file protein21.txt (compact mmCIF, C-alpha atoms and all ligand atoms)
# COMPACT_ATOMS: atom_id res chain seq x y z
CA MET K 1 -16.84 13.27 -14.69
CA LEU K 2 -16.53 9.54 -15.12
CA ALA K 3 -16.12 7.53 -11.90
CA LEU K 4 -16.42 4.01 -10.61
CA VAL K 5 -19.05 4.20 -7.89
CA PHE K 6 -19.59 1.40 -5.37
CA ASP K 7 -22.92 1.13 -3.56
CA GLY K 8 -23.07 -2.63 -3.05
CA ASP K 9 -22.42 -2.94 -6.76
CA ALA K 10 -19.55 -1.35 -8.71
CA ARG K 11 -20.41 0.51 -11.91
CA MET K 12 -19.32 3.46 -14.01
CA GLN K 13 -21.30 6.65 -13.47
CA ASP K 14 -21.21 10.21 -14.75
CA ILE K 15 -21.18 12.43 -11.66
CA PRO K 16 -20.28 16.09 -10.87
CA ILE K 17 -16.63 17.06 -10.38
CA PRO K 18 -16.09 17.27 -6.57
CA ASP K 19 -15.98 20.66 -4.77
CA ARG K 20 -12.77 21.21 -2.87
CA GLN K 21 -13.02 22.26 0.78
CA PRO K 22 -10.79 25.02 2.26
CA GLY K 23 -7.16 23.86 2.30
CA GLU K 24 -7.84 21.20 -0.30
CA ALA K 25 -6.68 20.75 -3.86
CA LEU K 26 -8.66 19.54 -6.85
CA ILE K 27 -6.59 16.93 -8.63
CA ARG K 28 -7.05 15.51 -12.13
CA VAL K 29 -6.12 11.85 -11.82
CA LEU K 30 -3.68 10.47 -14.40
CA SER K 31 -3.16 6.89 -13.18
CA ALA K 32 -4.55 4.85 -10.30
CA GLY K 33 -3.39 1.50 -8.99
CA ILE K 34 -5.73 -1.24 -7.83
CA CYS K 35 -4.80 -2.69 -4.45
CA ASN K 36 -6.11 -5.67 -2.46
CA THR K 37 -7.86 -3.21 -0.15
CA ASP K 38 -10.01 -2.07 -3.12
CA ILE K 39 -10.98 -5.65 -3.83
CA GLU K 40 -11.86 -6.12 -0.13
CA ILE K 41 -13.94 -2.92 -0.24
CA LEU K 42 -16.04 -4.39 -3.04
CA ARG K 43 -16.57 -7.38 -0.73
CA GLY K 44 -17.87 -5.07 2.01
CA TYR K 45 -14.69 -4.15 3.91
CA MET K 46 -15.05 -0.87 5.90
CA GLU K 47 -18.69 -0.73 4.74
CA PHE K 48 -17.48 1.90 2.28
CA ASN K 49 -19.85 3.40 -0.27
CA GLY K 50 -18.59 5.82 -2.89
CA ILE K 51 -15.58 5.96 -5.20
CA PRO K 52 -12.80 3.53 -4.14
CA GLY K 53 -9.10 3.89 -5.05
CA HIS K 54 -6.23 5.36 -3.00
CA GLU K 55 -3.09 4.82 -5.10
CA PHE K 56 -2.84 7.63 -7.63
CA VAL K 57 -0.78 10.21 -9.40
CA GLY K 58 -2.44 13.34 -10.78
CA ILE K 59 -2.17 17.02 -11.70
CA VAL K 60 -3.25 19.76 -9.28
CA GLU K 61 -5.89 21.75 -11.17
CA GLU K 62 -7.00 24.01 -8.30
CA SER K 63 -5.32 24.87 -5.01
CA ASP K 64 -4.76 27.97 -2.87
CA ASN K 65 -1.09 26.96 -2.75
CA LYS K 66 0.58 28.33 -5.90
CA ASP K 67 3.53 25.95 -5.43
CA LEU K 68 1.16 23.05 -6.10
CA ARG K 69 -0.93 24.41 -8.97
CA GLY K 70 -0.21 22.61 -12.22
CA LYS K 71 2.17 20.17 -10.51
CA ARG K 72 2.10 16.41 -10.77
CA VAL K 73 1.54 14.96 -7.31
CA VAL K 74 0.99 11.86 -5.23
CA GLY K 75 -0.99 12.06 -2.00
CA GLU K 76 -0.99 10.68 1.52
CA ILE K 77 -4.37 8.99 1.98
CA ASN K 78 -5.17 9.74 5.65
CA CYS K 79 -6.92 13.06 6.29
CA PRO K 80 -6.77 13.65 10.07
CA CYS K 81 -8.82 16.18 12.08
CA GLY K 82 -5.69 17.88 13.46
CA ARG K 83 -7.36 18.61 16.81
CA CYS K 84 -7.81 15.34 18.74
CA ARG K 85 -5.40 13.80 21.24
CA LEU K 86 -3.90 11.35 18.72
CA CYS K 87 -3.32 14.18 16.26
CA ARG K 88 -1.64 16.24 19.00
CA LEU K 89 0.50 13.20 19.90
CA GLU K 90 1.74 13.27 16.28
CA MET K 91 -0.12 10.12 15.30
CA PRO K 92 -2.42 11.68 12.70
CA HIS K 93 -2.63 8.43 10.74
CA HIS K 94 -4.43 6.98 13.79
CA CYS K 95 -6.85 9.91 14.19
CA ARG K 96 -10.26 8.40 14.96
CA GLU K 97 -11.98 11.27 13.14
CA ARG K 98 -9.95 10.88 9.97
CA SER K 99 -11.25 10.25 6.50
CA VAL K 100 -9.22 8.01 4.23
CA LEU K 101 -9.07 8.43 0.47
CA GLY K 102 -11.26 5.81 -1.20
CA ILE K 103 -11.53 3.79 2.03
CA HIS K 104 -13.44 5.77 4.66
CA ASN K 105 -15.69 8.82 4.32
CA ARG K 106 -13.83 10.24 1.31
CA ASN K 107 -14.22 9.55 -2.39
CA GLY K 108 -11.13 8.04 -4.00
CA ALA K 109 -9.07 7.82 -7.14
CA PHE K 110 -11.05 5.62 -9.56
CA ALA K 111 -12.40 8.82 -11.10
CA GLU K 112 -11.29 11.66 -13.33
CA TYR K 113 -10.94 14.03 -10.34
CA LEU K 114 -10.43 13.81 -6.59
CA THR K 115 -9.85 16.24 -3.71
CA LEU K 116 -7.23 15.98 -0.95
CA PRO K 117 -5.76 18.47 1.55
CA ASP K 118 -2.78 20.41 0.14
CA ALA K 119 -0.79 19.18 3.16
CA ASN K 120 -1.13 15.59 1.94
CA LEU K 121 0.47 16.22 -1.45
CA LEU K 122 4.02 15.58 -2.60
CA VAL K 123 5.29 16.87 -5.95
CA VAL K 124 6.63 14.13 -8.24
CA PRO K 125 9.78 14.94 -10.27
CA GLY K 126 9.55 14.64 -14.03
CA SER K 127 12.03 11.78 -14.10
CA ILE K 128 9.52 9.15 -12.99
CA PRO K 129 6.66 7.97 -15.19
CA ASP K 130 3.05 8.00 -13.94
CA ASP K 131 2.92 4.21 -13.68
CA VAL K 132 5.93 4.21 -11.34
CA ALA K 133 4.75 7.18 -9.24
CA VAL K 134 1.46 5.39 -8.66
CA PHE K 135 3.39 2.88 -6.50
CA THR K 136 4.34 5.56 -3.91
CA GLU K 137 1.50 4.65 -1.55
CA PRO K 138 2.15 0.88 -1.40
CA THR K 139 5.92 1.50 -1.26
CA ALA K 140 5.29 3.82 1.69
CA ALA K 141 3.47 0.96 3.43
CA ALA K 142 6.68 -1.09 3.05
CA CYS K 143 8.80 1.86 4.26
CA ARG K 144 6.72 1.93 7.44
CA ILE K 145 8.59 -1.15 8.78
CA PRO K 146 12.09 0.43 9.06
CA GLU K 147 10.36 3.44 10.62
CA GLN K 148 8.94 1.19 13.35
CA ILE K 149 11.91 -1.10 14.08
CA THR K 150 15.67 -0.77 13.83
CA ILE K 151 17.06 -3.20 11.27
CA SER K 152 20.77 -3.99 11.37
CA PRO K 153 22.68 -5.28 8.31
CA GLU K 154 23.24 -8.55 10.21
CA ASP K 155 19.54 -9.22 10.81
CA ARG K 156 18.05 -12.32 9.22
CA ILE K 157 14.72 -11.42 7.65
CA ILE K 158 11.99 -13.63 6.20
CA VAL K 159 9.18 -12.03 4.18
CA LEU K 160 6.16 -14.30 3.81
CA GLY K 161 4.08 -13.60 0.70
CA ASP K 162 4.97 -12.75 -2.90
CA GLY K 163 1.99 -10.55 -3.65
CA LYS K 164 2.30 -6.84 -4.45
CA LEU K 165 3.02 -5.84 -0.87
CA GLY K 166 5.36 -8.78 -0.19
CA LEU K 167 7.50 -7.88 -3.22
CA LEU K 168 7.71 -4.24 -2.11
CA VAL K 169 8.47 -5.15 1.52
CA ALA K 170 11.22 -7.54 0.38
CA GLN K 171 12.82 -4.86 -1.80
CA VAL K 172 12.65 -2.13 0.88
CA LEU K 173 13.97 -4.34 3.71
CA TRP K 174 16.71 -5.76 1.47
CA LEU K 175 18.14 -2.23 1.41
CA HIS K 176 18.66 -2.64 5.19
CA SER K 177 19.87 -6.26 5.35
CA LYS K 178 20.96 -8.62 2.59
CA HIS K 179 20.18 -11.66 4.78
CA LEU K 180 16.64 -11.72 3.48
CA VAL K 181 14.51 -14.35 1.83
CA CYS K 182 11.02 -13.88 0.40
CA VAL K 183 8.79 -16.93 0.58
CA GLY K 184 5.99 -17.30 -1.95
CA LYS K 185 3.99 -19.58 -4.19
CA HIS K 186 4.48 -18.14 -7.67
CA PRO K 187 7.72 -18.72 -9.64
CA GLU K 188 7.02 -15.76 -11.97
CA LYS K 189 6.67 -13.41 -8.99
CA ALA K 190 9.85 -14.82 -7.38
CA GLU K 191 11.65 -14.11 -10.64
CA ILE K 192 11.05 -10.36 -10.20
CA LEU K 193 13.06 -10.50 -6.96
CA GLN K 194 15.69 -12.93 -8.29
CA LYS K 195 16.52 -10.46 -11.07
CA LEU K 196 17.29 -7.96 -8.30
CA ARG K 197 19.52 -10.59 -6.58
CA ILE K 198 17.04 -11.00 -3.72
CA ALA K 199 16.76 -14.59 -2.43
CA THR K 200 13.42 -16.38 -2.73
CA ALA K 201 12.02 -19.70 -1.56
CA HIS K 202 8.89 -21.66 -2.42
CA CYS K 203 6.48 -22.09 0.48
CA GLY K 204 6.51 -25.86 -0.13
CA GLU K 205 10.21 -26.22 0.69
CA PRO K 206 11.64 -26.31 4.24
CA ILE K 207 12.70 -22.84 5.41
CA GLU K 208 15.36 -22.30 8.05
CA GLY K 209 13.74 -20.61 11.03
CA GLY K 210 15.23 -18.54 13.85
CA ALA K 211 14.95 -15.28 11.92
CA ASP K 212 15.34 -11.96 13.72
CA ILE K 213 12.42 -10.44 11.80
CA VAL K 214 9.56 -12.17 9.98
CA VAL K 215 7.04 -10.14 7.99
CA ASP K 216 3.63 -11.61 7.24
CA ALA K 217 2.49 -10.17 3.92
CA THR K 218 0.63 -13.31 2.88
CA GLY K 219 -2.83 -11.82 3.05
CA SER K 220 -3.91 -15.18 4.42
CA ARG K 221 -5.09 -16.34 7.85
CA ASP K 222 -2.23 -18.87 8.07
CA GLY K 223 0.46 -16.19 7.73
CA LEU K 224 0.81 -15.22 11.39
CA GLY K 225 1.01 -18.84 12.59
CA CYS K 226 3.68 -19.53 10.01
CA ALA K 227 5.61 -16.39 10.98
CA LEU K 228 5.56 -17.38 14.65
CA GLN K 229 7.21 -20.70 13.74
CA LEU K 230 10.04 -18.96 11.88
CA VAL K 231 10.95 -16.15 14.29
CA ARG K 232 13.62 -16.52 16.99
CA PRO K 233 12.93 -15.90 20.70
CA GLU K 234 12.70 -12.14 21.36
CA GLY K 235 12.45 -11.62 17.60
CA THR K 236 9.83 -9.52 15.83
CA VAL K 237 6.87 -10.56 13.70
CA VAL K 238 5.55 -7.70 11.58
CA LEU K 239 1.92 -8.02 10.52
CA LYS K 240 1.06 -6.55 7.15
CA THR K 241 -1.89 -8.89 6.71
CA ILE K 242 -5.25 -7.91 8.14
CA VAL K 243 -6.30 -11.24 9.60
CA ALA K 244 -10.01 -11.50 10.09
CA ASP K 245 -9.97 -14.87 11.83
CA THR K 246 -7.30 -15.77 14.39
CA ALA K 247 -9.50 -17.95 16.58
CA ALA K 248 -7.47 -21.08 15.89
CA LEU K 249 -4.12 -19.46 16.63
CA ASP K 250 -2.02 -20.76 19.55
CA LEU K 251 -0.34 -17.76 21.16
CA THR K 252 1.62 -19.79 23.75
CA VAL K 253 4.85 -19.68 21.75
CA PRO K 254 5.06 -15.87 21.41
CA VAL K 255 4.49 -15.55 25.18
CA ILE K 256 7.16 -18.10 26.12
CA ASP K 257 9.59 -16.89 23.45
CA GLU K 258 8.78 -13.24 24.20
CA VAL K 259 8.16 -12.45 20.55
CA THR K 260 7.14 -8.91 19.60
CA ILE K 261 4.10 -8.89 17.32
CA LEU K 262 3.96 -5.56 15.54
CA GLY K 263 1.07 -4.25 13.46
CA SER K 264 2.13 -2.13 10.49
CA ARG K 265 0.00 -0.15 8.04
CA CYS K 266 0.48 3.12 6.16
CA GLY K 267 3.93 4.64 5.87
CA PRO K 268 5.94 7.72 4.97
CA PHE K 269 5.60 9.02 1.39
CA ARG K 270 8.90 10.91 1.11
CA PRO K 271 11.32 7.95 1.52
CA ALA K 272 9.01 5.86 -0.66
CA LEU K 273 9.10 8.39 -3.49
CA GLU K 274 12.88 8.71 -3.06
CA ALA K 275 13.31 4.92 -3.35
CA LEU K 276 11.31 5.01 -6.60
CA ILE K 277 13.31 7.99 -7.95
CA LEU K 278 16.64 6.31 -7.15
CA GLY K 279 15.46 3.01 -8.60
CA ASN K 280 16.11 1.30 -5.24
CA VAL K 281 12.69 -0.24 -5.62
CA GLU K 282 11.83 -1.65 -9.03
CA VAL K 283 8.09 -1.68 -9.65
CA ARG K 284 7.67 -1.80 -13.41
CA PRO K 285 7.80 -5.62 -13.68
CA MET K 286 4.93 -5.71 -11.18
CA ILE K 287 2.45 -4.07 -13.57
CA THR K 288 0.55 -6.95 -15.11
CA GLU K 289 -2.18 -5.10 -16.97
CA THR K 290 -3.43 -1.57 -17.65
CA PHE K 291 -6.98 -0.48 -18.51
CA PRO K 292 -8.77 2.78 -19.28
CA LEU K 293 -10.94 4.12 -16.44
CA SER K 294 -14.09 3.21 -18.41
CA GLU K 295 -13.14 -0.47 -17.98
CA ALA K 296 -12.59 -0.19 -14.21
CA PRO K 297 -15.18 -2.85 -13.23
CA HIS K 298 -13.42 -5.38 -15.47
CA ALA K 299 -9.99 -4.21 -14.26
CA LEU K 300 -11.06 -4.86 -10.65
CA LYS K 301 -12.07 -8.40 -11.58
CA ARG K 302 -8.68 -8.95 -13.22
CA ALA K 303 -6.86 -7.57 -10.15
CA ALA K 304 -8.61 -10.17 -7.98
CA ASP K 305 -7.01 -13.00 -9.99
CA PRO K 306 -4.20 -14.50 -7.84
CA ASP K 307 -1.89 -14.71 -10.86
CA VAL K 308 -2.20 -10.99 -11.55
CA LEU K 309 0.04 -8.51 -9.72
CA LYS K 310 -0.61 -4.77 -10.18
CA VAL K 311 -3.43 -3.53 -12.40
CA VAL K 312 -3.24 0.18 -13.24
CA LEU K 313 -6.07 2.37 -14.53
CA HIS K 314 -5.30 5.19 -16.97
CA MET K 315 -7.63 8.19 -16.88
ZN ZN K 401 -3.34 0.07 -1.19
ZN ZN K 402 -7.48 13.80 14.95
call {"tool": "encode", "arguments": {"input": "protein21.txt", "output": "structure tokens"}}
result
Amino acid sequence: MLALVFDGDARMQDIPIPDRQPGEALIRVLSAGICNTDIEILRGYMEFNGIPGHEFVGIVEESDNKDLRGKRVVGEINCPCGRCRLCRLEMPHHCRERSVLGIHNRNGAFAEYLTLPDANLLVVPGSIPDDVAVFTEPTAAACRIPEQITISPEDRIIVLGDGKLGLLVAQVLWLHSKHLVCVGKHPEKAEILQKLRIATAHCGEPIEGGADIVVDATGSRDGLGCALQLVRPEGTVVLKTIVADTAALDLTVPVIDEVTILGSRCGPFRPALEALILGNVEVRPMITETFPLSEAPHALKRAADPDVLKVVLHM
């Protein structure tokens, strides 16, 4: 099969179709989305070698579960051991033994086929196109926030960042409170939210602080500092950005103001898929470009361009 293989360098290779392990399904990939994590992986993040890609929709070609065979599915990316303490505490996504599709110890979706445990798969109804279903994983990451904190309709929310994740977080949280503004740099990205009646602001203009919840989805090292300036005492800052360098950050304010700083990563697939089915989250305007799998190295370069939102590969 054709696959994009990364071993310090990313190139197309013809490799054998993977063998599925017991309890796993063999899936023929239809579409795969390129995410910032993939771009970071090509820069050395997680020291991953193999096939990247974790946002996909595909058809189950082989499985011991007859309810899955031939079905179009999306898949949860964390593959926990099921035996350790964290797994028994029902935190499988934190299992230290886990493999993660296209990120850690498991080949991913930038290929014609992949394998995942049957238990990770969710059947996609025929009503949603492949290029919408492929957004289930990043939408789930946005849906993680209301799973972690209670959001009341009165809460004032600021979302920092108008990248792919920022736009999804803004849309998901807006379903919980309309007092939300998304702060970004790019007028054309803001327009996607404005069409949905979601308020936006440019990061150059003064923003009223004192918010109950501030989400940092900037992907930049300045995001957390900025969020801490905008949150009210005893408010919550949700971190969606993996900040490599916080050395210069003054953490006096969150101590004095008793701010909760909450890390947030992968989320639940079912509500994410439901939001896409119901059209509560609109993702189509976020697809900037599509490429065939054979052009994956070029597609990855395009996805790294700050003006480009989602790039989708078609197998
Ligand atoms: Zn991703
Ligand atoms: Zn485990």
call {"tool": "residues_near_point", "arguments": {"input": "protein21.txt", "point": "(-5.6, 21.4, 0.2)", "cutoff": "6 Å", "atoms": "all atoms listed in the file", "output": "list of chain:residue names"}}
result
K:Gly23, K:Glu24, K:Ala25, K:Leu116, K:Pro117, K:Asp118
call {"tool": "residues_near_ligand", "arguments": {"input": "protein21.txt", "ligand": "ligand ZN 401 (chain K)", "cutoff": "8 Å", "atoms": "all atoms listed in the file", "output": "PyMOL selection string"}}
result
chain K and resi 33-38+53-55+137-138
call {"tool": "residues_around", "arguments": {"input": "protein21.txt", "residues": "Cys266 (chain K)", "least_positions_apart": "2", "cutoff": "8 Å", "atoms": "all atoms listed in the file", "output": "ChimeraX atom specification"}}
result
/K:93,137,140-141,144,264,268
call {"tool": "residues_around", "arguments": {"input": "protein21.txt", "residues": "Asn49 (chain K)", "least_positions_apart": "3", "cutoff": "8 Å", "atoms": "all atoms listed in the file", "output": "PDB file with C-alpha atoms, keeping the file's coordinate frame"}}
result
ATOM      1  CA  VAL K   5     -19.050   4.200  -7.890  1.00  0.00           C
ATOM      2  CA  PHE K   6     -19.590   1.400  -5.370  1.00  0.00           C
ATOM      3  CA  ASP K   7     -22.920   1.130  -3.560  1.00  0.00           C
ATOM      4  CA  GLY K   8     -23.070  -2.630  -3.050  1.00  0.00           C
TER       5      GLY K   8
END
call {"tool": "residues_near_ligand", "arguments": {"input": "protein21.txt", "ligand": "ligand ZN 402 (chain K)", "cutoff": "10 Å", "atoms": "all atoms listed in the file", "output": "PyMOL selection string"}}
result
chain K and resi 79-99
call {"tool": "atom_distance", "arguments": {"input": "protein21.txt", "atom1": "CA of Met315 (chain K)", "atom2": "CA of Asp67 (chain K)"}}
result
23.9 Å
call {"tool": "atom_distance", "arguments": {"input": "protein21.txt", "atom1": "CA of Ile27 (chain K)", "atom2": "CA of Leu168 (chain K)"}}
result
26.4 Å
call {"tool": "closest_residue", "arguments": {"input": "protein21.txt", "among": "K:Leu278, K:Ile145, K:Leu230, K:Asp307", "to": "Lys185 (chain K)", "atoms": "only C-alpha atoms"}}
result
K:Asp307
call {"tool": "residues_around", "arguments": {"input": "protein21.txt", "residues": "Val172 (chain K)", "least_positions_apart": "3", "cutoff": "12 Å", "atoms": "all atoms listed in the file", "output": "ChimeraX atom specification"}}
result
/K:138-147,151,157,159,165-169,175-178,180,182,193,196,198,271-276,279-283
call {"tool": "atom_distance", "arguments": {"input": "protein21.txt", "atom1": "CA of His104 (chain K)", "atom2": "CA of Tyr45 (chain K)"}}
result
10.0 Å
call {"tool": "closest_residue", "arguments": {"input": "protein21.txt", "among": "K:Asp14, K:Glu205, K:Asp131, K:Asp19", "to": "Glu112 (chain K)", "atoms": "only C-alpha atoms"}}
result
K:Asp14
call {"tool": "residues_around", "arguments": {"input": "protein21.txt", "residues": "Ile242 (chain K)", "least_positions_apart": "4", "cutoff": "9 Å", "atoms": "only C-alpha atoms", "output": "list of chain:residue names"}}
result
K:Gly219, K:Ser220, K:Arg221
call {"tool": "closest_residue", "arguments": {"input": "protein21.txt", "among": "K:Arg106, K:Lys195, K:Lys164, K:Arg72", "to": "Ile59 (chain K)", "atoms": "only C-alpha atoms"}}
result
K:Arg72
call {"tool": "residues_around", "arguments": {"input": "protein21.txt", "residues": "Asp212 (chain K)", "least_positions_apart": "2", "cutoff": "6 Å", "atoms": "only C-alpha atoms", "output": "PDB file with C-alpha atoms, in the coordinates of the input"}}
result
ATOM      1  CA  ASP K 155      19.540  -9.220  10.810  1.00  0.00           C
ATOM      2  CA  ARG K 156      18.050 -12.320   9.220  1.00  0.00           C
ATOM      3  CA  ARG K 232      13.620 -16.520  16.990  1.00  0.00           C
ATOM      4  CA  GLY K 235      12.450 -11.620  17.600  1.00  0.00           C
TER       5      GLY K 235
END
call {"tool": "closest_residue", "arguments": {"input": "protein21.txt", "among": "K:Ala304, K:Ile277, K:Val237, K:Ala32", "to": "Gly126 (chain K)", "atoms": "only C-alpha atoms"}}
result
K:Ile277
call {"tool": "closest_residue", "arguments": {"input": "protein21.txt", "among": "K:His298, K:His202, K:Lys189, K:Arg265", "to": "Pro285 (chain K)", "atoms": "all atoms listed in the file"}}
result
K:Lys189
call {"tool": "closest_residue", "arguments": {"input": "protein21.txt", "among": "K:Gln21, K:Phe291, K:Ile51, K:Gly70", "to": "Ala109 (chain K)", "atoms": "all atoms listed in the file"}}
result
K:Ile51
call {"tool": "decode", "arguments": {"input": "protein21.txt", "residues": "region 270-298 of chain K", "atoms": "N, CA and C atoms", "output": "PDB file, in the first residue's frame"}}
result
ATOM      1  N   ARG K 270     -18.383  10.513  20.692  1.00  0.00           N
ATOM      2  CA  ARG K 270     -19.814  10.437  20.406  1.00  0.00           C
ATOM      3  C   ARG K 270     -20.471  11.819  20.325  1.00  0.00           C
ATOM      4  N   PRO K 271     -20.288  12.693  21.347  1.00  0.00           N
ATOM      5  CA  PRO K 271     -20.888  14.036  21.226  1.00  0.00           C
ATOM      6  C   PRO K 271     -20.314  14.837  20.063  1.00  0.00           C
ATOM      7  N   ALA K 272     -19.048  14.577  19.734  1.00  0.00           N
ATOM      8  CA  ALA K 272     -18.425  15.293  18.615  1.00  0.00           C
ATOM      9  C   ALA K 272     -19.105  14.898  17.305  1.00  0.00           C
ATOM     10  N   LEU K 273     -19.289  13.593  17.120  1.00  0.00           N
ATOM     11  CA  LEU K 273     -19.936  13.118  15.893  1.00  0.00           C
ATOM     12  C   LEU K 273     -21.379  13.627  15.838  1.00  0.00           C
ATOM     13  N   GLU K 274     -22.055  13.632  16.991  1.00  0.00           N
ATOM     14  CA  GLU K 274     -23.429  14.139  17.041  1.00  0.00           C
ATOM     15  C   GLU K 274     -23.497  15.608  16.633  1.00  0.00           C
ATOM     16  N   ALA K 275     -22.541  16.407  17.130  1.00  0.00           N
ATOM     17  CA  ALA K 275     -22.523  17.839  16.790  1.00  0.00           C
ATOM     18  C   ALA K 275     -22.343  18.024  15.285  1.00  0.00           C
ATOM     19  N   LEU K 276     -21.537  17.152  14.669  1.00  0.00           N
ATOM     20  CA  LEU K 276     -21.321  17.237  13.218  1.00  0.00           C
ATOM     21  C   LEU K 276     -22.576  16.795  12.461  1.00  0.00           C
ATOM     22  N   ILE K 277     -23.250  15.745  12.972  1.00  0.00           N
ATOM     23  CA  ILE K 277     -24.462  15.239  12.320  1.00  0.00           C
ATOM     24  C   ILE K 277     -25.551  16.309  12.364  1.00  0.00           C
ATOM     25  N   LEU K 278     -25.705  16.942  13.542  1.00  0.00           N
ATOM     26  CA  LEU K 278     -26.769  17.938  13.722  1.00  0.00           C
ATOM     27  C   LEU K 278     -26.428  19.269  13.057  1.00  0.00           C
ATOM     28  N   GLY K 279     -25.177  19.415  12.609  1.00  0.00           N
ATOM     29  CA  GLY K 279     -24.764  20.688  12.024  1.00  0.00           C
ATOM     30  C   GLY K 279     -24.545  21.767  13.080  1.00  0.00           C
ATOM     31  N   ASN K 280     -24.414  21.352  14.354  1.00  0.00           N
ATOM     32  CA  ASN K 280     -24.128  22.318  15.422  1.00  0.00           C
ATOM     33  C   ASN K 280     -22.723  22.875  15.297  1.00  0.00           C
ATOM     34  N   VAL K 281     -21.879  22.113  14.657  1.00  0.00           N
ATOM     35  CA  VAL K 281     -20.519  22.572  14.379  1.00  0.00           C
ATOM     36  C   VAL K 281     -20.358  22.530  12.866  1.00  0.00           C
ATOM     37  N   GLU K 282     -19.972  23.655  12.304  1.00  0.00           N
ATOM     38  CA  GLU K 282     -19.856  23.773  10.844  1.00  0.00           C
ATOM     39  C   GLU K 282     -18.372  23.733  10.476  1.00  0.00           C
ATOM     40  N   VAL K 283     -17.962  22.671   9.783  1.00  0.00           N
ATOM     41  CA  VAL K 283     -16.531  22.506   9.520  1.00  0.00           C
ATOM     42  C   VAL K 283     -16.148  22.710   8.050  1.00  0.00           C
ATOM     43  N   ARG K 284     -17.138  22.636   7.166  1.00  0.00           N
ATOM     44  CA  ARG K 284     -16.791  22.686   5.746  1.00  0.00           C
ATOM     45  C   ARG K 284     -16.013  23.931   5.325  1.00  0.00           C
ATOM     46  N   PRO K 285     -16.372  25.131   5.868  1.00  0.00           N
ATOM     47  CA  PRO K 285     -15.593  26.312   5.460  1.00  0.00           C
ATOM     48  C   PRO K 285     -14.141  26.260   5.930  1.00  0.00           C
ATOM     49  N   MET K 286     -13.853  25.311   6.840  1.00  0.00           N
ATOM     50  CA  MET K 286     -12.477  25.238   7.355  1.00  0.00           C
ATOM     51  C   MET K 286     -11.546  24.449   6.442  1.00  0.00           C
ATOM     52  N   ILE K 287     -12.102  23.737   5.456  1.00  0.00           N
ATOM     53  CA  ILE K 287     -11.236  22.963   4.558  1.00  0.00           C
ATOM     54  C   ILE K 287     -10.664  23.906   3.503  1.00  0.00           C
ATOM     55  N   THR K 288      -9.372  24.133   3.590  1.00  0.00           N
ATOM     56  CA  THR K 288      -8.740  25.066   2.652  1.00  0.00           C
ATOM     57  C   THR K 288      -8.340  24.361   1.366  1.00  0.00           C
ATOM     58  N   GLU K 289      -7.748  23.174   1.509  1.00  0.00           N
ATOM     59  CA  GLU K 289      -7.245  22.470   0.319  1.00  0.00           C
ATOM     60  C   GLU K 289      -7.367  20.958   0.516  1.00  0.00           C
ATOM     61  N   THR K 290      -7.520  20.239  -0.600  1.00  0.00           N
ATOM     62  CA  THR K 290      -7.494  18.773  -0.537  1.00  0.00           C
ATOM     63  C   THR K 290      -6.457  18.256  -1.536  1.00  0.00           C
ATOM     64  N   PHE K 291      -5.818  17.149  -1.187  1.00  0.00           N
ATOM     65  CA  PHE K 291      -4.789  16.546  -2.046  1.00  0.00           C
ATOM     66  C   PHE K 291      -4.962  15.037  -2.062  1.00  0.00           C
ATOM     67  N   PRO K 292      -4.532  14.373  -3.152  1.00  0.00           N
ATOM     68  CA  PRO K 292      -4.465  12.914  -3.101  1.00  0.00           C
ATOM     69  C   PRO K 292      -3.325  12.474  -2.180  1.00  0.00           C
ATOM     70  N   LEU K 293      -3.461  11.249  -1.624  1.00  0.00           N
ATOM     71  CA  LEU K 293      -2.437  10.734  -0.706  1.00  0.00           C
ATOM     72  C   LEU K 293      -1.028  10.833  -1.304  1.00  0.00           C
ATOM     73  N   SER K 294      -0.918  10.579  -2.622  1.00  0.00           N
ATOM     74  CA  SER K 294       0.405  10.580  -3.260  1.00  0.00           C
ATOM     75  C   SER K 294       1.113  11.935  -3.121  1.00  0.00           C
ATOM     76  N   GLU K 295       0.331  12.996  -2.859  1.00  0.00           N
ATOM     77  CA  GLU K 295       0.940  14.326  -2.705  1.00  0.00           C
ATOM     78  C   GLU K 295       1.034  14.750  -1.240  1.00  0.00           C
ATOM     79  N   ALA K 296       1.019  13.752  -0.330  1.00  0.00           N
ATOM     80  CA  ALA K 296       1.024  14.048   1.105  1.00  0.00           C
ATOM     81  C   ALA K 296       2.205  14.927   1.556  1.00  0.00           C
ATOM     82  N   PRO K 297       3.439  14.689   1.064  1.00  0.00           N
ATOM     83  CA  PRO K 297       4.530  15.555   1.531  1.00  0.00           C
ATOM     84  C   PRO K 297       4.274  17.032   1.205  1.00  0.00           C
ATOM     85  N   HIS K 298       3.742  17.293   0.019  1.00  0.00           N
ATOM     86  CA  HIS K 298       3.419  18.671  -0.364  1.00  0.00           C
ATOM     87  C   HIS K 298       2.251  19.189   0.485  1.00  0.00           C
TER      88      HIS K 298
END
